[in-house]
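The file structure.txt contains compact mmCIF, C-alpha atoms:
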# COMPACT_ATOMS: atom_id res chain seq x y z
CA MET A 24 103.20 103.32 72.44
CA SER A 25 102.03 105.31 75.45
CA LYS A 26 102.73 103.71 78.81
CA GLY A 27 99.95 105.61 80.57
CA THR A 28 96.93 103.61 81.71
CA PRO A 29 94.23 104.24 84.31
CA GLY A 30 96.33 101.92 86.51
CA THR A 31 99.51 103.98 86.23
CA ALA A 32 97.50 107.18 86.72
CA PHE A 33 96.01 105.69 89.91
CA LEU A 34 99.47 104.84 91.28
CA THR A 35 100.87 108.27 90.42
CA LYS A 36 97.92 110.05 92.05
CA ALA A 37 98.25 107.83 95.14
CA LYS A 38 101.99 108.65 95.27
CA VAL A 39 102.96 104.97 95.24
CA ALA A 40 106.59 104.40 94.21
CA HIS A 41 106.65 102.15 91.15
CA ARG A 42 108.60 101.27 88.02
CA LEU A 43 107.21 100.11 84.70
CA VAL A 44 108.54 97.20 82.67
CA GLU A 45 107.32 96.06 79.27
CA TYR A 46 107.41 92.58 77.76
CA ASP A 47 106.15 90.83 74.64
CA TYR A 48 102.66 89.58 75.44
CA HIS A 49 101.73 86.23 73.87
CA PRO A 50 97.94 85.73 74.10
CA GLY A 51 98.03 82.08 73.04
CA HIS A 52 100.27 81.06 75.93
CA ASP A 53 98.65 78.57 78.33
CA ARG A 54 99.73 80.40 81.48
CA VAL A 55 100.09 84.09 80.68
CA ALA A 56 101.36 85.03 84.17
CA LEU A 57 104.18 82.49 84.00
CA GLN A 58 105.13 83.69 80.50
CA ALA A 59 105.18 87.30 81.71
CA ALA A 60 107.34 86.45 84.72
CA GLU A 61 109.82 84.61 82.52
CA ALA A 62 109.86 87.46 79.99
CA VAL A 63 110.89 90.01 82.64
CA GLY A 64 113.21 87.67 84.56
CA LEU A 65 111.18 87.30 87.75
CA PRO A 66 110.32 84.18 89.73
CA ALA A 67 106.69 83.24 88.95
CA GLY A 68 105.66 83.79 92.58
CA GLN A 69 106.84 87.40 92.42
CA LEU A 70 104.50 88.24 89.54
CA LEU A 71 100.98 88.74 90.89
CA LYS A 72 98.03 88.09 88.61
CA THR A 73 94.72 89.89 88.91
CA LEU A 74 91.73 87.56 88.86
CA MET A 75 88.17 88.84 88.89
CA VAL A 76 85.71 86.71 90.84
CA GLU A 77 82.10 86.72 91.97
CA VAL A 78 81.33 86.09 95.63
CA ASP A 79 77.68 85.31 96.31
CA GLY A 80 77.00 86.85 92.87
CA LYS A 81 78.83 90.13 93.64
CA PRO A 82 82.03 91.23 91.85
CA ALA A 83 85.38 91.19 93.63
CA CYS A 84 89.06 91.23 92.73
CA THR A 85 91.90 88.97 93.85
CA VAL A 86 95.64 89.50 93.41
CA VAL A 87 97.66 86.29 93.73
CA PRO A 88 101.07 84.85 92.76
CA GLY A 89 101.28 83.82 89.11
CA ASP A 90 102.30 80.27 89.96
CA ARG A 91 99.38 79.61 92.32
CA SER A 92 95.69 78.79 91.89
CA LEU A 93 92.77 80.26 93.79
CA SER A 94 90.88 78.20 96.33
CA MET A 95 87.28 79.29 95.79
CA LYS A 96 86.48 78.19 99.34
CA LYS A 97 89.20 80.53 100.70
CA VAL A 98 88.12 83.33 98.35
CA ALA A 99 84.50 83.09 99.55
CA ALA A 100 85.63 83.06 103.19
CA GLY A 101 88.04 85.94 102.61
CA PHE A 102 85.26 88.15 101.29
CA GLY A 103 82.81 86.95 103.95
CA GLY A 104 80.66 85.01 101.50
CA LYS A 105 79.37 81.50 101.05
CA SER A 106 80.42 80.75 97.47
CA ALA A 107 82.83 82.10 94.88
CA SER A 108 83.45 81.55 91.19
CA MET A 109 85.59 83.03 88.45
CA MET A 110 83.99 85.98 86.68
CA PRO A 111 83.39 85.38 82.95
CA PRO A 112 86.07 87.21 80.89
CA ASP A 113 83.60 89.46 79.03
CA LYS A 114 82.03 90.57 82.30
CA ALA A 115 85.48 91.20 83.84
CA GLU A 116 86.46 93.36 80.86
CA LYS A 117 83.28 95.42 81.03
CA LEU A 118 83.54 95.90 84.80
CA THR A 119 87.25 96.79 84.92
CA GLY A 120 87.69 98.63 81.63
CA TYR A 121 90.69 96.39 80.85
CA HIS A 122 91.19 93.49 78.43
CA THR A 123 91.85 90.02 79.85
CA GLY A 124 95.59 89.51 80.01
CA GLY A 125 95.88 93.18 80.96
CA ILE A 126 93.53 93.49 83.94
CA SER A 127 95.02 95.50 86.77
CA PRO A 128 93.66 96.02 90.27
CA PHE A 129 94.64 99.70 89.90
CA GLY A 130 92.29 102.19 88.24
CA GLN A 131 89.45 99.82 87.48
CA ARG A 132 86.33 101.38 85.97
CA LYS A 133 84.15 100.24 88.89
CA ARG A 134 85.54 99.93 92.41
CA VAL A 135 85.07 96.47 93.93
CA PRO A 136 86.44 94.82 97.09
CA ILE A 137 90.03 93.60 96.62
CA LEU A 138 92.04 90.93 98.44
CA PHE A 139 95.72 90.08 98.05
CA GLU A 140 97.18 86.65 98.79
CA ALA A 141 98.66 87.02 102.29
CA GLU A 142 101.95 85.30 101.37
CA ALA A 143 102.68 88.04 98.81
CA MET A 144 103.06 90.57 101.63
CA GLU A 145 106.33 88.86 102.59
CA LEU A 146 107.98 89.94 99.31
CA ALA A 147 109.93 93.20 99.02
CA GLU A 148 108.79 93.84 95.43
CA VAL A 149 106.23 92.32 93.10
CA ALA A 150 105.12 92.84 89.51
CA ILE A 151 101.43 93.45 88.81
CA ASN A 152 99.73 94.22 85.52
CA ALA A 153 99.66 97.97 84.93
CA GLY A 154 96.47 97.91 82.86
CA ARG A 155 97.70 96.93 79.41
CA ARG A 156 98.83 93.62 77.97
CA GLY A 157 102.62 93.58 78.08
CA LEU A 158 103.00 96.28 80.74
CA LEU A 159 103.83 95.51 84.37
CA VAL A 160 104.36 97.74 87.37
CA LEU A 161 107.02 96.84 89.94
CA LEU A 162 106.23 97.97 93.48
CA SER A 163 105.92 97.03 97.13
CA PRO A 164 102.99 94.66 97.70
CA ARG A 165 102.25 96.35 101.03
CA GLU A 166 102.07 99.78 99.38
CA ALA A 167 99.89 98.40 96.59
CA CYS A 168 97.54 96.81 99.11
CA ALA A 169 97.34 100.02 101.16
CA ALA A 170 96.72 102.24 98.12
CA LEU A 171 93.84 99.99 97.05
CA GLN A 172 92.41 99.87 100.59
CA ALA A 173 92.63 96.10 100.19
CA GLU A 174 93.32 93.37 102.71
CA ALA A 175 95.70 90.42 102.62
CA LYS A 176 94.24 86.99 103.35
CA PRO A 177 95.00 83.38 102.39
CA LEU A 178 93.37 82.87 98.98
CA CYS A 179 95.37 80.18 97.22
CA ALA A 180 94.94 76.45 97.09
CA ASP A 181 97.64 74.62 99.03
CA ALA A 182 100.70 74.01 96.86
Could you express the structure from this file as structure tokens?
Amino acid sequence: MSKGTPGTAFLTKAKVAHRLVEYDYHPGHDRVALQAAEAVGLPAGQLLKTLMVEVDGKPACTVVPGDRSLSMKKVAAGFGGKSASMMPPDKAEKLTGYHTGGISPFGQRKRVPILFEAEAMELAEVAINAGRRGLLVLLSPREACAALQAEAKPLCADA
């Protein structure tokens, strides 16, 4: 199977150093990010999941550790809005061009504002979905954030 996705093409064009790693995706798993982290031998906090949200009705993207949950209050504040909610999966798929379980912040069909969880910037390397279920990209979170012209802010609920 081809490893090329719009996400990997984005990273290559942006000259961001990265490595790809594949794993067996299990769609029925309760917490897909935790299953993916375990499958590739990473701590769950080092695998960042991409979650599409709506802030004051407008689409946005968050990238957060796989073992954490979003605080919608922090998400709204991070994007300068009043309220935030999770984007329905079908809308997220149409907007990004990716299937749920394979949504990547890289190479999305429509560009939207993106925020990373601030704590992730402390890590040397993270894994983020590359744009296909079962395919991750390993890279520097700071380089990923810079390539996406994203910001890092506190987004997660307190542990």
Between A:Val63, A:Val76, A:Cys84, A:Ile137, smallest distance to Ala170 of chain A by all atoms listed in the file belongs to A:Ile137
I'd like the contact shell of Ser163 of chain A - 6 Å cut-off, all atoms listed in the file, skipping same-chain residues fewer than 3 positions apart - returned as a ChimeraX atom specification. /A:147-148,166
Dump as a PDB file, in the frame of the given file, selection limited to C-alpha atoms:
ATOM      1  CA  ALA A 147     109.930  93.200  99.020  1.00  0.00           C
ATOM      2  CA  GLU A 148     108.790  93.840  95.430  1.00  0.00           C
ATOM      3  CA  GLU A 166     102.070  99.780  99.380  1.00  0.00           C
TER       4      GLU A 166
END
For Ala150 of chain A, which residue among A:Ala67, A:Ala99, A:Leu93, A:Ile126 is the nearest when counting all atoms listed in the file? A:Ala67
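The two atoms in question, atom CA of Gly89 of chain A and atom CA of Arg132 of chain A, are spaced 23.3 Å apart.
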Grab the atom CA of Ser127 of chain A to atom CA of Met75 of chain A distance for me, in Å with one decimal place.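 Going from atom CA of Ser127 of chain A over to atom CA of Met75 of chain A, I get 9.8 Å.
Rounded to one decimal, atom CA of Glu174 of chain A and atom CA of Pro136 of chain A lie 9.0 Å from each other.
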Is it possible to get the axis-aligned box enclosing segment 60-65 of chain A (all listed atoms, 6 Å extra per side) as AutoDock Vina command-line options, with centre and edge lengths in Å rounded to one decimal?
--center_x 110.3 --center_y 87.3 --center_z 83.9 --size_x 17.9 --size_y 17.4 --size_z 19.8
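With all atoms listed in the file taken into account, the protein and nucleic acid residues at most 9 Å from Thr28 of chain A (excluding it and anything under 4 positions from it in its own chain) are Ala32, Phe33, Gly130, Ala153, Gly154 and Arg155 of chain A.
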Which one is closest to Ala143 of chain A: A:Gln58, A:Thr35, A:Thr85, A:Gln69? Count only C-alpha atoms.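 Under the stated criterion, the closest residue is A:Gln69.
Minimum atom-to-atom distance to Leu161 of chain A, evaluated using all atoms listed in the file, belongs to A:Val44 out of A:Lys114, A:Val44, A:Leu74, A:Lys36.
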Which residues come within 9 Å of Asn152 of chain A, counting only C-alpha atoms, excluding same-chain residues fewer than 5 positions away, as a PyMOL selection string? chain A and resi 30+70-73+124-129+157-161
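Once His122 of chain A and its same-chain neighbours fewer than 6 positions away are set aside, Pro112, Asp113, Ala115, Glu116, Gly154, Arg155 and Arg156 of chain A remain within 9 Å of it when counting only C-alpha atoms.
The residue that comes closest to Ser106 of chain A, out of A:Pro29, A:Pro50, A:Gly80, A:Pro88 and on the basis of all atoms listed in the file, is A:Gly80.
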